[in-house]
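Undergrad: One structure follows; several queries about it will come next.
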Amino acid sequence: MIDAESAELHFSQRTHFGDESSLHASMRRLFLSHPNPLDLTCSNPTRVELPLPDFAPLLAHTPPAYDPHPRGSGIAREALAQSYQMRAPVARDQFVLTASTSEAYSFTLLSLCDPGDAILVPVPSYPLFDQLAQLCGVRLIRYPLRYDGSFHVDLGSFPDATLAQREKVKAIFCVSPNNPTGNRVSSEELERFLTLGVPLVFDEVFLPYDRRGAGTDPLLLGDRSPLVVVLDGLSKRAGAPGLKSGWLLATGKQREDFLKRIDWVSDAYLSCSSVAAHVLPQILAREHEVQACIRARIDASLAALSSSHLTERGWTLLTVDGGFTALLHLPAVFDEATWWAKLCENGLWLEPGALYAFNQSPLFALSLLTPPETLRAAIERFSNLSPT
């Protein structure tokens, strides 16, 4: 008989992400010990003093009777299809509503990959890919981005079709604009992606905050790809992360087969709120108002950083092509950990480049949504930091 008190419980390795690093924990304590700590990393539009519309009254109206559908409310999907018409003629049945873009990623991984299969993802990039892939039992193969005044895919290091077949690569994932580098996928990069003959998955949550307009539109590929999946949601597009509304849009030759698989996955979870779906058309009608507000904050933050004279102290603001993030390259008189400690000692919380797997150390990321007064105070402290 098994002794229940002494038996060891073995949890799934898919949910073991490790403990918080001792370095991160010690830096956080050092930062919080400052009498006036300034957090420069918040990118939640609802928590940075932006004059955004109040969508709460919309939620007070009772939605129609619950009528579940694997792809979500038809009215909401029709509104999404209309919002994409300026880019390509898409239909509402090509959309699937989800509770978030993260869930749309998970549905896509579950539909495309068996455990042990691989996907291609950019590096540097946000570490969410690692967590979602681990939860789905999928391996990551990273294709590098390089910086030459702006970030690009390093096509010389991009995997070829032979490697992709050997490693069971089932899709290429890209964030366009990427977080935190801000680059969009170019036409040359897209052509290289197509040579692998696998589905392309585009995360476009930061697309309204593209600053260059130099990227290519995956919806214009038509049937040149077996499958193109575009992900988005209200979190960034409408500054409404609390509504928990995302979606995926499928195009390409095999979209119908893909959507049938997604129907099974979505029907099993039934996660999209009928309340959020009910108000989605009204939210989309005001998204440009939200985006103008957010872009104004981004522009003001970039202007403040650019005029701060930090370059005279050897600090470099990397080109911001899109998104909410600014990247600061600091003088190499210290390594990244030492600079991190100096920043924390001065009550400044930024994200170290190592979090995103940058190789341009010492590099730090800060949110361009930071409230103006907080950013001004931070810039003054930056200026007082001695590089010696």
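Residues in the structure tokens are numbered from 1 in each chain, the chains being A, B, ... in the order shown, and ligands are numbered from 1 in the order shown.
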Can I get the residues of region 31-82 of chain A within 10 Å of region 274-297 of chain A, each with the closest pair of atoms and their distance in Å to one decimal, using only C-alpha atoms, sorted chain first then ascending number, as a tab-separated table?
TA:
residue	atom	partner	partner_atom	distance
A:Pro45	CA	A:Ile294	CA	7.7
A:Val48	CA	A:Arg297	CA	9.8
A:Leu50	CA	A:Cys293	CA	7.3
A:Pro51	CA	A:Cys293	CA	7.3
A:Leu52	CA	A:Val290	CA	6.1
A:Pro53	CA	A:Val290	CA	7.2
A:Phe55	CA	A:Ile283	CA	7.5
A:Leu58	CA	A:Val279	CA	6.5
A:Leu59	CA	A:Val275	CA	6.8
A:Ala60	CA	A:Val275	CA	9.3
A:His61	CA	A:Val275	CA	8.7
A:Thr62	CA	A:Val275	CA	7.6
A:Pro63	CA	A:Val275	CA	5.9
A:Pro64	CA	A:His278	CA	7.9
A:Ala65	CA	A:Ser274	CA	9.0
A:Tyr66	CA	A:Ser274	CA	6.9
A:Asp67	CA	A:Ser274	CA	8.4
A:Pro68	CA	A:Ser274	CA	8.3
A:Gly72	CA	A:Ala277	CA	7.5
A:Ser73	CA	A:Ala277	CA	6.2
A:Gly74	CA	A:Ala277	CA	9.1
A:Ile75	CA	A:His278	CA	7.7
A:Ala76	CA	A:Ala277	CA	5.7
A:Arg77	CA	A:Ala277	CA	8.6
A:Glu78	CA	A:Pro281	CA	8.6
A:Ala79	CA	A:Pro281	CA	5.5
A:Leu80	CA	A:Pro281	CA	7.6
A:Gln82	CA	A:Pro281	CA	9.9
Undergrad: Let's see if you can do this: from backbone DSSP, list all strand (DSSP E or B) residues in region 66-183 of chain A, as a ChimeraX atom specification.
TA: /A:95-98,118-123,139-147,151-153,169-175
Undergrad: Go ahead and write the residues just picked, C-alpha atoms, as a PDB file, in the first residue's frame.
TA:
ATOM      1  CA  PHE A  95     -11.795  34.614 -37.847  1.00  0.00           C
ATOM      2  CA  VAL A  96     -11.758  32.782 -34.536  1.00  0.00           C
ATOM      3  CA  LEU A  97     -12.316  34.749 -31.328  1.00  0.00           C
ATOM      4  CA  THR A  98     -10.116  33.969 -28.323  1.00  0.00           C
ATOM      5  CA  ALA A 118       9.513  22.679 -33.682  1.00  0.00           C
ATOM      6  CA  ILE A 119       8.658  26.244 -34.656  1.00  0.00           C
ATOM      7  CA  LEU A 120      10.973  29.040 -35.762  1.00  0.00           C
ATOM      8  CA  VAL A 121      10.906  32.180 -33.602  1.00  0.00           C
ATOM      9  CA  PRO A 122      12.936  35.422 -33.693  1.00  0.00           C
ATOM     10  CA  VAL A 123      15.648  36.340 -31.213  1.00  0.00           C
ATOM     11  CA  ARG A 139      10.588  22.981 -29.390  1.00  0.00           C
ATOM     12  CA  LEU A 140      11.902  26.414 -30.384  1.00  0.00           C
ATOM     13  CA  ILE A 141      14.509  27.044 -33.062  1.00  0.00           C
ATOM     14  CA  ARG A 142      15.579  30.684 -33.048  1.00  0.00           C
ATOM     15  CA  TYR A 143      16.404  32.765 -36.079  1.00  0.00           C
ATOM     16  CA  PRO A 144      18.521  35.831 -35.214  1.00  0.00           C
ATOM     17  CA  LEU A 145      17.816  39.505 -35.780  1.00  0.00           C
ATOM     18  CA  ARG A 146      20.717  41.879 -36.355  1.00  0.00           C
ATOM     19  CA  TYR A 147      20.999  45.627 -35.849  1.00  0.00           C
ATOM     20  CA  PHE A 151      16.707  45.481 -36.736  1.00  0.00           C
ATOM     21  CA  HIS A 152      16.402  42.921 -39.539  1.00  0.00           C
ATOM     22  CA  VAL A 153      16.237  39.152 -39.872  1.00  0.00           C
ATOM     23  CA  VAL A 169       9.594  22.627 -38.208  1.00  0.00           C
ATOM     24  CA  LYS A 170       5.849  23.154 -38.476  1.00  0.00           C
ATOM     25  CA  ALA A 171       5.629  26.966 -38.649  1.00  0.00           C
ATOM     26  CA  ILE A 172       7.519  30.253 -38.679  1.00  0.00           C
ATOM     27  CA  PHE A 173       6.410  32.655 -35.961  1.00  0.00           C
ATOM     28  CA  CYS A 174       7.082  36.361 -36.186  1.00  0.00           C
ATOM     29  CA  VAL A 175       5.931  39.473 -34.355  1.00  0.00           C
TER      30      VAL A 175
END
Undergrad: Which polymer residues have any atom within 10 Å of an atom of Asp335 (chain A), counting only C-alpha atoms, with same-chain residues fewer than 6 positions away left out, as a list of chain:residue names?
TA: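 Neighbouring residues, sequence-local ones excluded: A:Ser361, A:Pro362, A:Leu363.
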Undergrad: Go ahead and write the residues just picked, C-alpha atoms, as an mmCIF file, in the first residue's frame.
TA:
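In the end it all went to out07.cif:
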data_model
loop_
_atom_site.group_PDB
_atom_site.id
_atom_site.type_symbol
_atom_site.label_atom_id
_atom_site.label_comp_id
_atom_site.auth_asym_id
_atom_site.auth_seq_id
_atom_site.Cartn_x
_atom_site.Cartn_y
_atom_site.Cartn_z
ATOM 1 C CA SER A 361 25.170 44.188 -23.834
ATOM 2 C CA PRO A 362 24.818 46.410 -21.832
ATOM 3 C CA LEU A 363 21.318 47.157 -23.095
#
Undergrad: Sorted by chain and rising residue number, list the residues of region 119-211 of chain A at most 9 Å from region 100-112 of chain A (counting only C-alpha atoms), each with its closest atom pair and distance in Å to one decimal, as CSV.
TA:
residue,atom,partner,partner_atom,distance
A:Ile119,CA,A:Leu109,CA,8.9
A:Leu128,CA,A:Ser102,CA,8.3
A:Phe129,CA,A:Tyr105,CA,8.9
A:Leu132,CA,A:Ser106,CA,6.5
A:Ala133,CA,A:Leu109,CA,7.7
A:Leu135,CA,A:Ser106,CA,8.5
A:Cys136,CA,A:Leu110,CA,6.7
A:Val138,CA,A:Leu109,CA,7.9
A:Lys170,CA,A:Leu112,CA,6.5
A:Ala171,CA,A:Leu112,CA,7.7
A:Pro199,CA,A:Leu112,CA,8.7
A:Val201,CA,A:Thr108,CA,8.5
A:Asp203,CA,A:Thr101,CA,8.1
A:Val205,CA,A:Thr101,CA,8.1
Undergrad: Which is closer to Tyr126 (chain A) than all the others in A:Ser187, A:Val230, A:Asn178, A:Val320, using only C-alpha atoms?
TA: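 Closest to Tyr126 (chain A) of all the choices is A:Asn178.
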Undergrad: Considering only C-alpha atoms, return as a short mmCIF file (atom, residue, chain, number, x, y, z; two decimals) with C-alpha atoms, in the first residue's frame whatever protein or nucleic-acid residues lie within 9 Å of Asp217 (chain A), sequence-local ones (same chain, fewer than 5 positions apart) excluded.
TA:
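Generated output (selection.cif):
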data_model
loop_
_atom_site.label_atom_id
_atom_site.label_comp_id
_atom_site.auth_asym_id
_atom_site.auth_seq_id
_atom_site.Cartn_x
_atom_site.Cartn_y
_atom_site.Cartn_z
CA ARG A 87 -6.05 45.42 -46.41
CA VAL A 185 8.97 41.64 -41.72
CA SER A 186 10.26 42.95 -45.06
CA SER A 187 9.35 41.60 -48.49
#
